[in-house]
Structures are given as C-alpha cells and as structure tokens.
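Novice: Provided herewith is a single structure, encoded as structure tokens, for subsequent inquiry.
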Amino acid sequence: MRCPFCSDENSKVLESRNGANGKSIRRRRECVACKNRFTTYETIEHSPVIVIKKDSRREEFNREKLKKGLITATEKRNISIETIDSIVLDIELEFASRINSEVKTDEIGQVIMDKLKKLDKVAYVRFASVYKEFNDLESFKEEIEKLSKNNTL
C-alpha cells in the first residue's frame with residue numbers, strides 16, 4: 001500500500017477493525033517514511049458492476065463518483081466522512097452481490113435517496129434536486145410536501 005502523501009510503499013498497521021457493515025475491514029496505517037496516517041478498507045472483490053446510464057451507455061461502477069455526490073449533498077451537515085464511506089460501501093456491496101452485475105442509474109439513485117431520507121432530510125432534498133432534475137421552485141416544494149405528509153420531517 002503506497003502512502004497517499006509521499007508514495008512510500010512501507011506502512012504499518014496501527015489498528016484493524018470490522019467496517020460499519022461487517023463486510024469490510026478498516027485499517028489505520030502510518031507511513032514509515034513520513035509518519036502521516038491514513039485509512040484503508042479491505043473488501044471482497046466482486047465482479048465489476050456495470051452501470052447503465054440514461055442514454056444507454058454502459059460504464060463500470062465508480063465509487064468515487066458516488067462518494068463525491070454524497071459529499072456534495074451532505075456539505076455543511078453534521079455527517080462524518082466515515083458515515084459517507086459506509087453508505088458508499090453498502091451500496092457498492094448491494095449491487096456487487098447481485099447475480100446480474102448490471103444496474104441502471106435510476107436504481108442507484110433510488111437507493112441513495114432512501115438512505116439519505118433516513119439519515120438527513122436536507123441532504124435528501126439536495127440530492128433529490130439533482131437526481132430528479134428539479135427545474136423550478138415548485139418541484140422543490142412538492143418534494144418537501146411529500147416528506148411532510150409522510151411525517152418524516
């Protein structure tokens with residue numbers, strides 16, 4: 001494992017524990033050369049998940065895209081990066097464990113929205129505004145009214 005700070009190949013494991021979902025191992029490491037610390041996750045490698053885009057293009061699932069979207073949706077909310085990493089890993093494992101390794105972007109978006117709705121309503125609305133392509137204030141209002149009617153706000 002190369003250090004993300006200095007690229008040295010020598011690091012030592014300071015701590016290992018099960019990930020939040022029990023399907024991964026979280027390791028805290030320290031670079032022998034520069035002494036910076038970083039976290040790695042060890043998971044079972046599954047066959048690649050192929051994402052079917054809205055325009056029918058296919059591309060390999062990219063966990064960093066998913067993480068970036070979640071970070072944007074949860075910006076300035078009290079949600080830790082560990083929580084975001086856990087959500088990303090849960091989603092990745094959910095789709096990787098399927099027999100059919102192809103998944104539509106609609107399915108991914110819906111799973112993300114379900115998780116965000118339980119976690120943080122503001123992050124949910126932020127993500128939904130992009131995912132559902134809200135074009136006006138009325139669309140926002142309708143989504144918030146749906147949340148209110150379900151007594152989830």
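Chain labels A, B, ... are given in the sequence in which chains occur in the structure tokens; within each chain residues are numbered consecutively from 1, and ligands are likewise numbered from 1 in the order shown.
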Which polymer residues have any atom within 12 Å of an atom of segment 142-148 of chain A, counting only C-alpha atoms, with same-chain residues fewer than 2 positions away left out, as a PyMOL selection string?
Specialist: chain A and resi 114+117-118+120-122+124-129+132-134+136-140+150-153
Novice: A:Leu116, A:Ile52, A:Val13, A:Cys3: which is nearest Ile71 of chain A, counting only C-alpha atoms?
Specialist: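 Going through A:Leu116, A:Ile52, A:Val13, A:Cys3 one by one, the smallest distance to Ile71 of chain A is for A:Leu116.
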Novice: If you run DSSP on this backbone, which residues of chain A come out as strand (DSSP E), and could you give them as a ChimeraX atom specification?
Specialist: /A:11-18,24-31,37-43,50-52,58-60,102-104
Novice: For the selection just defined, write its residues with N, CA and C atoms to a file, as a short mmCIF file (atom, residue, chain, number, x, y, z; two decimals), in the first residue's frame.
Specialist:
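What follows is the written file part-v4.cif:
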data_model
loop_
_atom_site.label_atom_id
_atom_site.label_comp_id
_atom_site.auth_asym_id
_atom_site.auth_seq_id
_atom_site.Cartn_x
_atom_site.Cartn_y
_atom_site.Cartn_z
N SER A 11 4.31 0.94 5.11
CA SER A 11 3.43 1.46 6.13
C SER A 11 3.18 0.37 7.15
N LYS A 12 2.80 0.79 8.34
CA LYS A 12 2.49 -0.21 9.36
C LYS A 12 1.04 -0.02 9.79
N VAL A 13 0.40 -1.14 10.12
CA VAL A 13 -0.99 -1.12 10.55
C VAL A 13 -1.03 -0.80 12.04
N LEU A 14 -1.76 0.26 12.39
CA LEU A 14 -1.89 0.67 13.78
C LEU A 14 -3.11 0.04 14.43
N GLU A 15 -4.16 -0.14 13.64
CA GLU A 15 -5.41 -0.64 14.19
C GLU A 15 -6.22 -1.26 13.06
N SER A 16 -6.87 -2.38 13.35
CA SER A 16 -7.78 -3.03 12.41
C SER A 16 -9.09 -3.29 13.12
N ARG A 17 -10.19 -3.05 12.40
CA ARG A 17 -11.50 -3.39 12.96
C ARG A 17 -12.48 -3.61 11.83
N ASN A 18 -13.58 -4.28 12.14
CA ASN A 18 -14.61 -4.51 11.13
C ASN A 18 -15.21 -3.18 10.72
N SER A 24 -16.42 -5.46 5.63
CA SER A 24 -15.12 -4.91 5.26
C SER A 24 -14.25 -4.82 6.52
N ILE A 25 -12.97 -4.59 6.30
CA ILE A 25 -12.04 -4.37 7.41
C ILE A 25 -11.45 -2.98 7.24
N ARG A 26 -11.52 -2.19 8.29
CA ARG A 26 -10.97 -0.83 8.28
C ARG A 26 -9.61 -0.90 8.95
N ARG A 27 -8.60 -0.34 8.29
CA ARG A 27 -7.26 -0.35 8.88
C ARG A 27 -6.72 1.08 8.93
N ARG A 28 -6.22 1.46 10.10
CA ARG A 28 -5.50 2.72 10.26
C ARG A 28 -4.04 2.39 10.07
N ARG A 29 -3.39 3.13 9.18
CA ARG A 29 -1.98 2.88 8.86
C ARG A 29 -1.17 4.13 9.12
N GLU A 30 0.13 3.90 9.31
CA GLU A 30 1.07 5.01 9.44
C GLU A 30 2.23 4.76 8.48
N CYS A 31 2.55 5.77 7.69
CA CYS A 31 3.66 5.67 6.76
C CYS A 31 4.97 5.65 7.56
N ARG A 37 -0.71 9.50 8.80
CA ARG A 37 -1.63 8.38 8.99
C ARG A 37 -2.74 8.45 7.96
N PHE A 38 -3.22 7.27 7.57
CA PHE A 38 -4.31 7.19 6.62
C PHE A 38 -5.10 5.92 6.86
N THR A 39 -6.29 5.85 6.30
CA THR A 39 -7.20 4.72 6.50
C THR A 39 -7.37 3.97 5.19
N THR A 40 -7.37 2.64 5.29
CA THR A 40 -7.66 1.80 4.13
C THR A 40 -8.81 0.86 4.51
N TYR A 41 -9.51 0.39 3.48
CA TYR A 41 -10.59 -0.57 3.67
C TYR A 41 -10.30 -1.80 2.83
N GLU A 42 -10.51 -2.95 3.41
CA GLU A 42 -10.31 -4.21 2.70
C GLU A 42 -11.69 -4.86 2.53
N THR A 43 -12.04 -5.17 1.28
CA THR A 43 -13.32 -5.80 0.99
C THR A 43 -13.11 -6.96 0.03
N ILE A 50 -21.66 -3.01 -13.69
CA ILE A 50 -21.78 -2.14 -14.86
C ILE A 50 -23.02 -1.26 -14.68
N VAL A 51 -22.83 0.03 -14.82
CA VAL A 51 -23.92 0.99 -14.68
C VAL A 51 -24.46 1.33 -16.06
N ILE A 52 -25.79 1.22 -16.20
CA ILE A 52 -26.45 1.59 -17.46
C ILE A 52 -26.96 3.01 -17.30
N ARG A 58 -22.91 2.24 -21.18
CA ARG A 58 -22.55 1.41 -20.03
C ARG A 58 -21.14 1.80 -19.58
N GLU A 59 -20.99 1.89 -18.26
CA GLU A 59 -19.66 2.15 -17.71
C GLU A 59 -19.54 1.43 -16.38
N GLU A 60 -18.31 1.19 -15.98
CA GLU A 60 -18.07 0.50 -14.72
C GLU A 60 -18.45 1.39 -13.55
N GLU A 102 -25.38 -5.78 -13.86
CA GLU A 102 -25.74 -4.51 -14.49
C GLU A 102 -26.83 -3.83 -13.68
N VAL A 103 -26.69 -2.53 -13.50
CA VAL A 103 -27.65 -1.77 -12.71
C VAL A 103 -27.89 -0.43 -13.40
N LYS A 104 -29.14 -0.01 -13.41
CA LYS A 104 -29.50 1.28 -14.02
C LYS A 104 -29.24 2.41 -13.03
#
Novice: I need the residues in segment 2-147 of chain A that are helix (DSSP H, G or I) according to DSSP; give them as a PyMOL selection string.
Specialist: chain A and resi 63-73+81-96+105-119+121-131+137-147
